[in-house]
Amino acid sequence: MNPKRKKRLYLVLFIVVGVAVAVGLTMYALSQNINLFYSPTQIAQQEAPQGRRIRAGGMVVEGSVQRAAADLDVTFDITDYAHTVRVHYTGILPDLFREGQGIVAQGEIDANGVLQAVEVLAKHDENYMPPEVADALQKAGKMPMPAGQEFNK
Amino acid sequence: MAEKKWLPRWFYQLASPRWCYQICGKLLPWFTVAMLLLLVGGTAWSLAFAPADYQQGNSFRIIYLHVPSAILAQSCYMLMAVAGAIGLIWKMKIADLVAKSCAPIGASMAILALLTGAIWGKPTWGSWWVWDARLTSMLVLFFLYLGVMALNSAIESESTAAQATAVLALVGLVNIPIIKYSVEWWNTLHQPATFKLTEKPAMPAEMWVPLLVMVIAFYCFFAVVLMMRLRNEILRRERRSGWVKELLLSN
């Protein structure tokens, strides 16, 4: 390669590597701000800001969903299999909301440690399957479940 | 100065606009036929014959547009950046033309991925848009394409425009691994990849085979559109050269 081209090649490499390092360091410094939600463990360790609106993400604990008979009030626990957070919400839940499903709730944590949610989003996992396969797996008790670490990065 | 040739001969021939125009013209019908077959077959397969998902029902079928367009948007960006780098280093005109032809295709793929994602997100997540790392970095990719296109058309001299856009494309290259690994590095609402190169897909074969067909169909579509744009661009850029005049007169 002639010297001129070599110089330009180094310049291109310098741009790509330099930008990658700069962006990498910035992202590393801001990683907590880039996370969409706090995990129950982070909330238990008081890493989430108090008295501010936050998002919490986790799996809806089996058997924890309590619906009010008269109105749209619903209470449930979300977990990352290490800690749990109780969530209270009034409104229509997404279609995919169910026990054992990952969700992300936005709201404020009150004095009793309950997240008073104003929005609940369902977090779909990467597993897709036809209904028959799902039935068969469920019967055999081999339904793939998102691991707790999926909520703890 | 004599230099060692360390790439096959056809690669050097591609650097000649005339050769490139002719090779693209020969390849175009093949890719068009493959694209039509795969696109029609893949669409029918994925919309009518693939099974519905156990949770989302039929709304999951949008994956057959969403995933290929998102993959293409990223592949196209990488090609644009690599072509830009080749143009910068070796001053190869064809590489500049390839980079220029890539941008609008990539931008349309990125907006298609964003729109199909939003349409899917409303019934599945309960929200059209969330500012999580995956969605935001994909939006940045779309803006990068727009920036590349705007910069290219803002500069009068075509070789300066090619240089400037190549630098912008290279700077934006850092976004590609961010898009890919965003779902692994951070807490996001977007689910992790269903297709991974190292593991078997997280869906049964009757679902992922049509998806694979659609991905290949989109690559063929990309090849067809890219070659058509490239040929146009070559003719426009070489309009004063003898062979283009001859070609136009013979038609």
# chains A, B, ... in the order shown; residues from 1 in each chain; ligands from 1
>>> residues_around(residues="A:Arg86", least_positions_apart="4", cutoff="12 Å", atoms="only C-alpha atoms", output="count of residues only")
29
>>> interface_residues(of="chain B", to="chain A", cutoff="8 Å", atoms="only C-alpha atoms", output="PyMOL selection string")
chain B and resi 3+51-56+85+88-90+123-127+131-133+167+170-171+173-174+184-194+202-204+207
>>> select_by_dssp(residues="stretch 1-116 of chain A", states="alpha helix (DSSP H)", output="MDAnalysis selection string")
chainID A and resid 3:29 31:34 40:44
>>> write_last_selection(atoms="C-alpha atoms", output="tab-separated table (two decimals), in the first residue's frame")
chain	number	residue	atom	x	y	z
A	3	PRO	CA	2.15	5.77	2.05
A	4	LYS	CA	-0.70	8.12	1.21
A	5	ARG	CA	-3.29	5.35	1.32
A	6	LYS	CA	-1.74	3.95	4.47
A	7	LYS	CA	-2.09	7.35	6.11
A	8	ARG	CA	-5.75	7.54	5.12
A	9	LEU	CA	-6.33	3.98	6.34
A	10	TYR	CA	-4.92	4.92	9.74
A	11	LEU	CA	-7.11	8.01	9.79
A	12	VAL	CA	-10.23	5.90	9.13
A	13	LEU	CA	-9.23	3.41	11.84
A	14	PHE	CA	-8.57	6.29	14.21
A	15	ILE	CA	-12.05	7.73	13.60
A	16	VAL	CA	-13.81	4.39	14.13
A	17	VAL	CA	-11.80	3.34	17.21
A	18	GLY	CA	-11.83	6.85	18.71
A	19	VAL	CA	-15.59	7.24	18.39
A	20	ALA	CA	-16.15	3.72	19.73
A	21	VAL	CA	-14.03	4.40	22.83
A	22	ALA	CA	-15.65	7.79	23.47
A	23	VAL	CA	-19.18	6.48	23.07
A	24	GLY	CA	-18.34	3.35	25.07
A	25	LEU	CA	-17.08	5.36	28.04
A	26	THR	CA	-20.11	7.69	27.91
A	27	MET	CA	-22.53	4.78	27.79
A	28	TYR	CA	-20.72	3.08	30.66
A	29	ALA	CA	-20.98	6.23	32.76
A	31	SER	CA	-25.62	2.99	32.10
A	32	GLN	CA	-28.08	3.56	34.96
A	33	ASN	CA	-29.84	6.24	32.94
A	34	ILE	CA	-30.03	4.01	29.87
A	40	PRO	CA	-36.77	-5.36	42.45
A	41	THR	CA	-33.26	-6.00	43.82
A	42	GLN	CA	-32.18	-2.45	43.01
A	43	ILE	CA	-35.33	-1.10	44.65
A	44	ALA	CA	-34.73	-3.26	47.74
>>> closest_residue(among="A:Glu62, A:Gln138, A:Arg98, A:Ala69", to="A:Tyr81", atoms="only C-alpha atoms")
A:Glu62
>>> closest_residue(among="B:Ile63, B:Leu226, B:Val244, B:Val130", to="B:Thr32", atoms="only C-alpha atoms")
B:Leu226
>>> residues_around(residues="B:Val148", least_positions_apart="5", cutoff="12 Å", atoms="only C-alpha atoms", output="PDB file with N, CA and C atoms, in the first residue's frame")
ATOM      1  N   TYR B  77     -26.353  -0.355   6.576  1.00  0.00           N
ATOM      2  CA  TYR B  77     -25.496   0.686   7.154  1.00  0.00           C
ATOM      3  C   TYR B  77     -24.039   0.247   7.141  1.00  0.00           C
ATOM      4  N   MET B  80     -22.690   0.569   3.747  1.00  0.00           N
ATOM      5  CA  MET B  80     -22.483   1.977   3.421  1.00  0.00           C
ATOM      6  C   MET B  80     -21.193   2.494   4.057  1.00  0.00           C
ATOM      7  N   ALA B  81     -20.945   2.115   5.315  1.00  0.00           N
ATOM      8  CA  ALA B  81     -19.749   2.592   6.010  1.00  0.00           C
ATOM      9  C   ALA B  81     -18.493   1.986   5.399  1.00  0.00           C
ATOM     10  N   GLY B  84     -17.884   3.534   2.130  1.00  0.00           N
ATOM     11  CA  GLY B  84     -17.380   4.881   2.375  1.00  0.00           C
ATOM     12  C   GLY B  84     -15.901   4.866   2.733  1.00  0.00           C
ATOM     13  N   ALA B  99     -21.948   3.696  -1.649  1.00  0.00           N
ATOM     14  CA  ALA B  99     -22.336   4.291  -0.365  1.00  0.00           C
ATOM     15  C   ALA B  99     -23.515   5.229  -0.543  1.00  0.00           C
ATOM     16  N   LYS B 100     -23.477   6.024  -1.614  1.00  0.00           N
ATOM     17  CA  LYS B 100     -24.557   6.978  -1.843  1.00  0.00           C
ATOM     18  C   LYS B 100     -25.867   6.255  -2.133  1.00  0.00           C
ATOM     19  N   SER B 101     -25.788   5.135  -2.896  1.00  0.00           N
ATOM     20  CA  SER B 101     -27.004   4.407  -3.249  1.00  0.00           C
ATOM     21  C   SER B 101     -27.610   3.684  -2.054  1.00  0.00           C
ATOM     22  N   CYS B 102     -26.762   3.361  -1.059  1.00  0.00           N
ATOM     23  CA  CYS B 102     -27.251   2.595   0.102  1.00  0.00           C
ATOM     24  C   CYS B 102     -28.190   3.408   0.987  1.00  0.00           C
ATOM     25  N   ALA B 103     -27.882   4.713   1.151  1.00  0.00           N
ATOM     26  CA  ALA B 103     -28.537   5.488   2.203  1.00  0.00           C
ATOM     27  C   ALA B 103     -30.073   5.478   2.133  1.00  0.00           C
ATOM     28  N   PRO B 104     -30.688   5.788   0.971  1.00  0.00           N
ATOM     29  CA  PRO B 104     -32.154   5.817   0.970  1.00  0.00           C
ATOM     30  C   PRO B 104     -32.781   4.446   1.219  1.00  0.00           C
ATOM     31  N   GLY B 106     -31.480   2.027   3.093  1.00  0.00           N
ATOM     32  CA  GLY B 106     -31.359   1.772   4.530  1.00  0.00           C
ATOM     33  C   GLY B 106     -32.352   2.586   5.333  1.00  0.00           C
ATOM     34  N   ALA B 107     -32.548   3.845   4.922  1.00  0.00           N
ATOM     35  CA  ALA B 107     -33.485   4.696   5.658  1.00  0.00           C
ATOM     36  C   ALA B 107     -34.891   4.120   5.587  1.00  0.00           C
ATOM     37  N   LEU B 141     -30.295   5.316  14.300  1.00  0.00           N
ATOM     38  CA  LEU B 141     -29.859   4.783  13.011  1.00  0.00           C
ATOM     39  C   LEU B 141     -30.624   5.450  11.870  1.00  0.00           C
ATOM     40  N   PHE B 142     -31.936   5.608  12.061  1.00  0.00           N
ATOM     41  CA  PHE B 142     -32.758   6.259  11.036  1.00  0.00           C
ATOM     42  C   PHE B 142     -32.291   7.696  10.811  1.00  0.00           C
ATOM     43  N   PHE B 143     -32.022   8.416  11.908  1.00  0.00           N
ATOM     44  CA  PHE B 143     -31.557   9.804  11.778  1.00  0.00           C
ATOM     45  C   PHE B 143     -30.179   9.866  11.123  1.00  0.00           C
ATOM     46  N   SER B 153     -26.394  15.668  -0.206  1.00  0.00           N
ATOM     47  CA  SER B 153     -27.012  16.561  -1.185  1.00  0.00           C
ATOM     48  C   SER B 153     -26.691  18.025  -0.904  1.00  0.00           C
ATOM     49  N   ALA B 154     -26.141  18.308   0.291  1.00  0.00           N
ATOM     50  CA  ALA B 154     -25.872  19.704   0.635  1.00  0.00           C
ATOM     51  C   ALA B 154     -24.563  20.192   0.024  1.00  0.00           C
ATOM     52  N   ILE B 155     -23.658  19.270  -0.317  1.00  0.00           N
ATOM     53  CA  ILE B 155     -22.339  19.666  -0.821  1.00  0.00           C
ATOM     54  C   ILE B 155     -22.322  19.569  -2.345  1.00  0.00           C
ATOM     55  N   ALA B 161     -18.570  15.679  -1.274  1.00  0.00           N
ATOM     56  CA  ALA B 161     -19.773  15.146  -0.626  1.00  0.00           C
ATOM     57  C   ALA B 161     -19.555  13.694  -0.225  1.00  0.00           C
ATOM     58  N   ALA B 162     -18.923  12.920  -1.115  1.00  0.00           N
ATOM     59  CA  ALA B 162     -18.681  11.508  -0.809  1.00  0.00           C
ATOM     60  C   ALA B 162     -17.768  11.365   0.397  1.00  0.00           C
ATOM     61  N   GLN B 163     -16.717  12.225   0.450  1.00  0.00           N
ATOM     62  CA  GLN B 163     -15.793  12.158   1.594  1.00  0.00           C
ATOM     63  C   GLN B 163     -16.500  12.503   2.891  1.00  0.00           C
ATOM     64  N   ALA B 164     -17.272  13.590   2.867  1.00  0.00           N
ATOM     65  CA  ALA B 164     -17.948  14.034   4.090  1.00  0.00           C
ATOM     66  C   ALA B 164     -18.924  12.981   4.583  1.00  0.00           C
ATOM     67  N   THR B 165     -19.711  12.401   3.647  1.00  0.00           N
ATOM     68  CA  THR B 165     -20.687  11.411   4.090  1.00  0.00           C
ATOM     69  C   THR B 165     -19.996  10.138   4.571  1.00  0.00           C
ATOM     70  N   ALA B 166     -18.849   9.807   3.955  1.00  0.00           N
ATOM     71  CA  ALA B 166     -18.129   8.604   4.406  1.00  0.00           C
ATOM     72  C   ALA B 166     -17.685   8.781   5.852  1.00  0.00           C
ATOM     73  N   VAL B 167     -17.195   9.979   6.191  1.00  0.00           N
ATOM     74  CA  VAL B 167     -16.758  10.212   7.577  1.00  0.00           C
ATOM     75  C   VAL B 167     -17.952  10.112   8.522  1.00  0.00           C
ATOM     76  N   LEU B 168     -19.089  10.722   8.126  1.00  0.00           N
ATOM     77  CA  LEU B 168     -20.286  10.646   8.981  1.00  0.00           C
ATOM     78  C   LEU B 168     -20.730   9.192   9.146  1.00  0.00           C
ATOM     79  N   ALA B 169     -20.707   8.430   8.035  1.00  0.00           N
ATOM     80  CA  ALA B 169     -21.122   7.022   8.109  1.00  0.00           C
ATOM     81  C   ALA B 169     -20.199   6.245   9.045  1.00  0.00           C
ATOM     82  N   LEU B 170     -18.889   6.541   8.995  1.00  0.00           N
ATOM     83  CA  LEU B 170     -17.937   5.826   9.856  1.00  0.00           C
ATOM     84  C   LEU B 170     -18.147   6.197  11.323  1.00  0.00           C
ATOM     85  N   VAL B 171     -18.443   7.475  11.573  1.00  0.00           N
ATOM     86  CA  VAL B 171     -18.704   7.891  12.952  1.00  0.00           C
ATOM     87  C   VAL B 171     -19.942   7.172  13.490  1.00  0.00           C
ATOM     88  N   GLY B 172     -20.965   7.034  12.642  1.00  0.00           N
ATOM     89  CA  GLY B 172     -22.203   6.401  13.079  1.00  0.00           C
ATOM     90  C   GLY B 172     -22.102   4.897  13.203  1.00  0.00           C
TER      91      GLY B 172
END
>>> residues_around(residues="B:Val213", least_positions_apart="5", cutoff="8 Å", atoms="only C-alpha atoms", output="VMD selection string")
chain B and resid 38 to 39 42
>>> write_last_selection(atoms="all heavy atoms", output="short mmCIF file (atom, residue, chain, number, x, y, z; two decimals), in the first residue's frame")
data_model
loop_
_atom_site.label_atom_id
_atom_site.label_comp_id
_atom_site.auth_asym_id
_atom_site.auth_seq_id
_atom_site.Cartn_x
_atom_site.Cartn_y
_atom_site.Cartn_z
N LEU B 38 -38.93 -15.64 -3.56
CA LEU B 38 -38.80 -15.72 -2.10
C LEU B 38 -39.81 -14.81 -1.41
O LEU B 38 -40.40 -15.17 -0.40
CB LEU B 38 -37.38 -15.33 -1.68
CG LEU B 38 -36.29 -16.34 -2.02
CD1 LEU B 38 -34.92 -15.72 -1.81
CD2 LEU B 38 -36.45 -17.58 -1.17
N LEU B 39 -40.02 -13.62 -1.98
CA LEU B 39 -40.91 -12.66 -1.34
C LEU B 39 -42.36 -13.15 -1.36
O LEU B 39 -43.06 -13.12 -0.35
CB LEU B 39 -40.78 -11.30 -2.04
CG LEU B 39 -40.93 -10.05 -1.18
CD1 LEU B 39 -40.03 -10.11 0.04
CD2 LEU B 39 -40.60 -8.82 -2.00
N GLY B 42 -42.43 -16.51 0.68
CA GLY B 42 -42.24 -16.24 2.10
C GLY B 42 -43.44 -15.53 2.71
O GLY B 42 -43.85 -15.84 3.83
#
>>> atom_distance(atom1="atom CA of B:Leu27", atom2="atom CA of B:Phe221")
12.7 Å
>>> residues_around(residues="B:Glu238", least_positions_apart="2", cutoff="12 Å", atoms="only C-alpha atoms", output="JSON, numbers by chain")
{"B": [16, 17, 18, 21, 93, 94, 97, 230, 231, 232, 233, 234, 235, 236, 240, 241, 242, 243, 244, 245, 246, 247, 248]}
>>> select_by_dssp(residues="stretch 47-119 of chain A", states="strand (DSSP E)", output="PyMOL selection string")
chain A and resi 54-60+66-67+73-79+84-90+102-109+114-119
>>> write_last_selection(atoms="N, CA, C and O atoms", output="compact mmCIF listing (two decimals), in the first residue's frame")
# COMPACT_ATOMS: atom_id res chain seq x y z
N ILE A 54 -40.63 6.30 38.86
CA ILE A 54 -39.64 5.36 38.31
C ILE A 54 -40.38 4.24 37.58
O ILE A 54 -41.59 4.11 37.67
N ARG A 55 -39.59 3.42 36.88
CA ARG A 55 -40.16 2.20 36.31
C ARG A 55 -39.55 1.01 37.04
O ARG A 55 -38.35 1.02 37.35
N ALA A 56 -40.35 0.01 37.31
CA ALA A 56 -39.86 -1.23 37.91
C ALA A 56 -40.24 -2.38 37.00
O ALA A 56 -41.35 -2.39 36.46
N GLY A 57 -39.32 -3.31 36.81
CA GLY A 57 -39.61 -4.44 35.92
C GLY A 57 -39.38 -5.75 36.63
O GLY A 57 -38.47 -5.88 37.44
N GLY A 58 -40.22 -6.74 36.34
CA GLY A 58 -40.03 -8.06 36.93
C GLY A 58 -41.12 -9.00 36.46
O GLY A 58 -42.01 -8.62 35.69
N MET A 59 -41.04 -10.23 36.98
CA MET A 59 -42.06 -11.23 36.64
C MET A 59 -43.21 -11.10 37.63
O MET A 59 -42.99 -10.95 38.83
N VAL A 60 -44.44 -11.21 37.12
CA VAL A 60 -45.60 -11.22 38.01
C VAL A 60 -45.60 -12.55 38.77
O VAL A 60 -45.59 -13.62 38.16
N GLN A 66 -54.40 -9.78 42.82
CA GLN A 66 -55.68 -9.61 43.51
C GLN A 66 -56.45 -8.50 42.83
O GLN A 66 -56.01 -7.36 42.82
N ARG A 67 -57.59 -8.85 42.26
CA ARG A 67 -58.42 -7.85 41.59
C ARG A 67 -59.56 -7.46 42.51
O ARG A 67 -60.14 -8.32 43.18
N ASP A 73 -59.21 -1.75 40.29
CA ASP A 73 -58.02 -1.84 41.14
C ASP A 73 -57.41 -3.24 41.07
O ASP A 73 -58.13 -4.23 41.14
N VAL A 74 -56.08 -3.29 40.93
CA VAL A 74 -55.41 -4.59 40.93
C VAL A 74 -54.10 -4.45 41.67
O VAL A 74 -53.42 -3.43 41.58
N THR A 75 -53.77 -5.47 42.45
CA THR A 75 -52.51 -5.49 43.19
C THR A 75 -51.79 -6.78 42.85
O THR A 75 -52.41 -7.84 42.74
N PHE A 76 -50.48 -6.68 42.64
CA PHE A 76 -49.71 -7.89 42.36
C PHE A 76 -48.26 -7.67 42.77
O PHE A 76 -47.84 -6.54 43.02
N ASP A 77 -47.51 -8.76 42.87
CA ASP A 77 -46.09 -8.67 43.20
C ASP A 77 -45.28 -8.93 41.93
O ASP A 77 -45.64 -9.76 41.11
N ILE A 78 -44.16 -8.20 41.80
CA ILE A 78 -43.23 -8.54 40.73
C ILE A 78 -41.90 -8.92 41.35
O ILE A 78 -41.52 -8.40 42.41
N THR A 79 -41.20 -9.84 40.70
CA THR A 79 -39.99 -10.39 41.29
C THR A 79 -38.89 -10.59 40.25
O THR A 79 -39.19 -10.73 39.06
N THR A 84 -38.87 -8.98 45.87
CA THR A 84 -40.18 -8.69 45.27
C THR A 84 -40.61 -7.27 45.59
O THR A 84 -40.20 -6.70 46.60
N VAL A 85 -41.42 -6.72 44.70
CA VAL A 85 -42.01 -5.40 44.91
C VAL A 85 -43.50 -5.54 44.68
O VAL A 85 -43.94 -6.20 43.73
N ARG A 86 -44.29 -4.94 45.59
CA ARG A 86 -45.75 -4.96 45.42
C ARG A 86 -46.14 -3.78 44.54
O ARG A 86 -45.61 -2.68 44.70
N VAL A 87 -47.05 -4.05 43.60
CA VAL A 87 -47.49 -3.01 42.67
C VAL A 87 -49.00 -2.86 42.80
O VAL A 87 -49.73 -3.86 42.88
N HIS A 88 -49.46 -1.60 42.84
CA HIS A 88 -50.90 -1.33 42.83
C HIS A 88 -51.21 -0.50 41.60
O HIS A 88 -50.47 0.42 41.26
N TYR A 89 -52.28 -0.85 40.88
CA TYR A 89 -52.60 -0.18 39.63
C TYR A 89 -54.11 -0.11 39.47
O TYR A 89 -54.82 -1.03 39.85
N THR A 90 -54.57 1.00 38.92
CA THR A 90 -55.98 1.15 38.61
C THR A 90 -56.09 1.41 37.12
O THR A 90 -55.60 2.42 36.64
N GLY A 102 -43.46 -11.23 32.30
CA GLY A 102 -42.65 -10.07 32.65
C GLY A 102 -43.42 -8.79 32.38
O GLY A 102 -44.10 -8.69 31.35
N ILE A 103 -43.35 -7.83 33.29
CA ILE A 103 -44.01 -6.55 33.06
C ILE A 103 -43.10 -5.41 33.51
O ILE A 103 -42.13 -5.63 34.25
N VAL A 104 -43.40 -4.21 33.03
CA VAL A 104 -42.71 -3.01 33.46
C VAL A 104 -43.77 -2.02 33.93
O VAL A 104 -44.67 -1.68 33.16
N ALA A 105 -43.70 -1.61 35.20
CA ALA A 105 -44.69 -0.69 35.76
C ALA A 105 -44.05 0.64 36.06
O ALA A 105 -42.93 0.69 36.58
N GLN A 106 -44.75 1.72 35.71
CA GLN A 106 -44.22 3.05 35.97
C GLN A 106 -45.05 3.71 37.07
O GLN A 106 -46.28 3.67 37.04
N GLY A 107 -44.38 4.28 38.06
CA GLY A 107 -45.11 4.95 39.13
C GLY A 107 -44.18 5.33 40.27
O GLY A 107 -42.96 5.26 40.13
N GLU A 108 -44.79 5.72 41.40
CA GLU A 108 -44.02 6.16 42.56
C GLU A 108 -44.14 5.14 43.67
O GLU A 108 -45.21 4.55 43.86
N ILE A 109 -43.09 4.96 44.42
CA ILE A 109 -43.15 4.06 45.56
C ILE A 109 -43.63 4.86 46.78
O ILE A 109 -43.05 5.89 47.11
N VAL A 114 -45.08 0.26 48.41
CA VAL A 114 -45.88 -0.25 47.30
C VAL A 114 -45.72 0.70 46.12
O VAL A 114 -45.78 1.92 46.28
N LEU A 115 -45.48 0.14 44.94
CA LEU A 115 -45.36 0.97 43.74
C LEU A 115 -46.77 1.32 43.27
O LEU A 115 -47.53 0.44 42.85
N GLN A 116 -47.12 2.61 43.32
CA GLN A 116 -48.42 3.06 42.84
C GLN A 116 -48.28 3.35 41.35
O GLN A 116 -47.84 4.42 40.96
N ALA A 117 -48.66 2.37 40.54
CA ALA A 117 -48.36 2.46 39.10
C ALA A 117 -49.40 3.31 38.38
O ALA A 117 -50.58 3.29 38.71
N VAL A 118 -48.92 4.08 37.40
CA VAL A 118 -49.82 4.82 36.52
C VAL A 118 -49.83 4.18 35.13
O VAL A 118 -50.67 4.50 34.31
N GLU A 119 -48.87 3.29 34.88
CA GLU A 119 -48.82 2.62 33.58
C GLU A 119 -48.21 1.24 33.77
O GLU A 119 -47.23 1.08 34.50
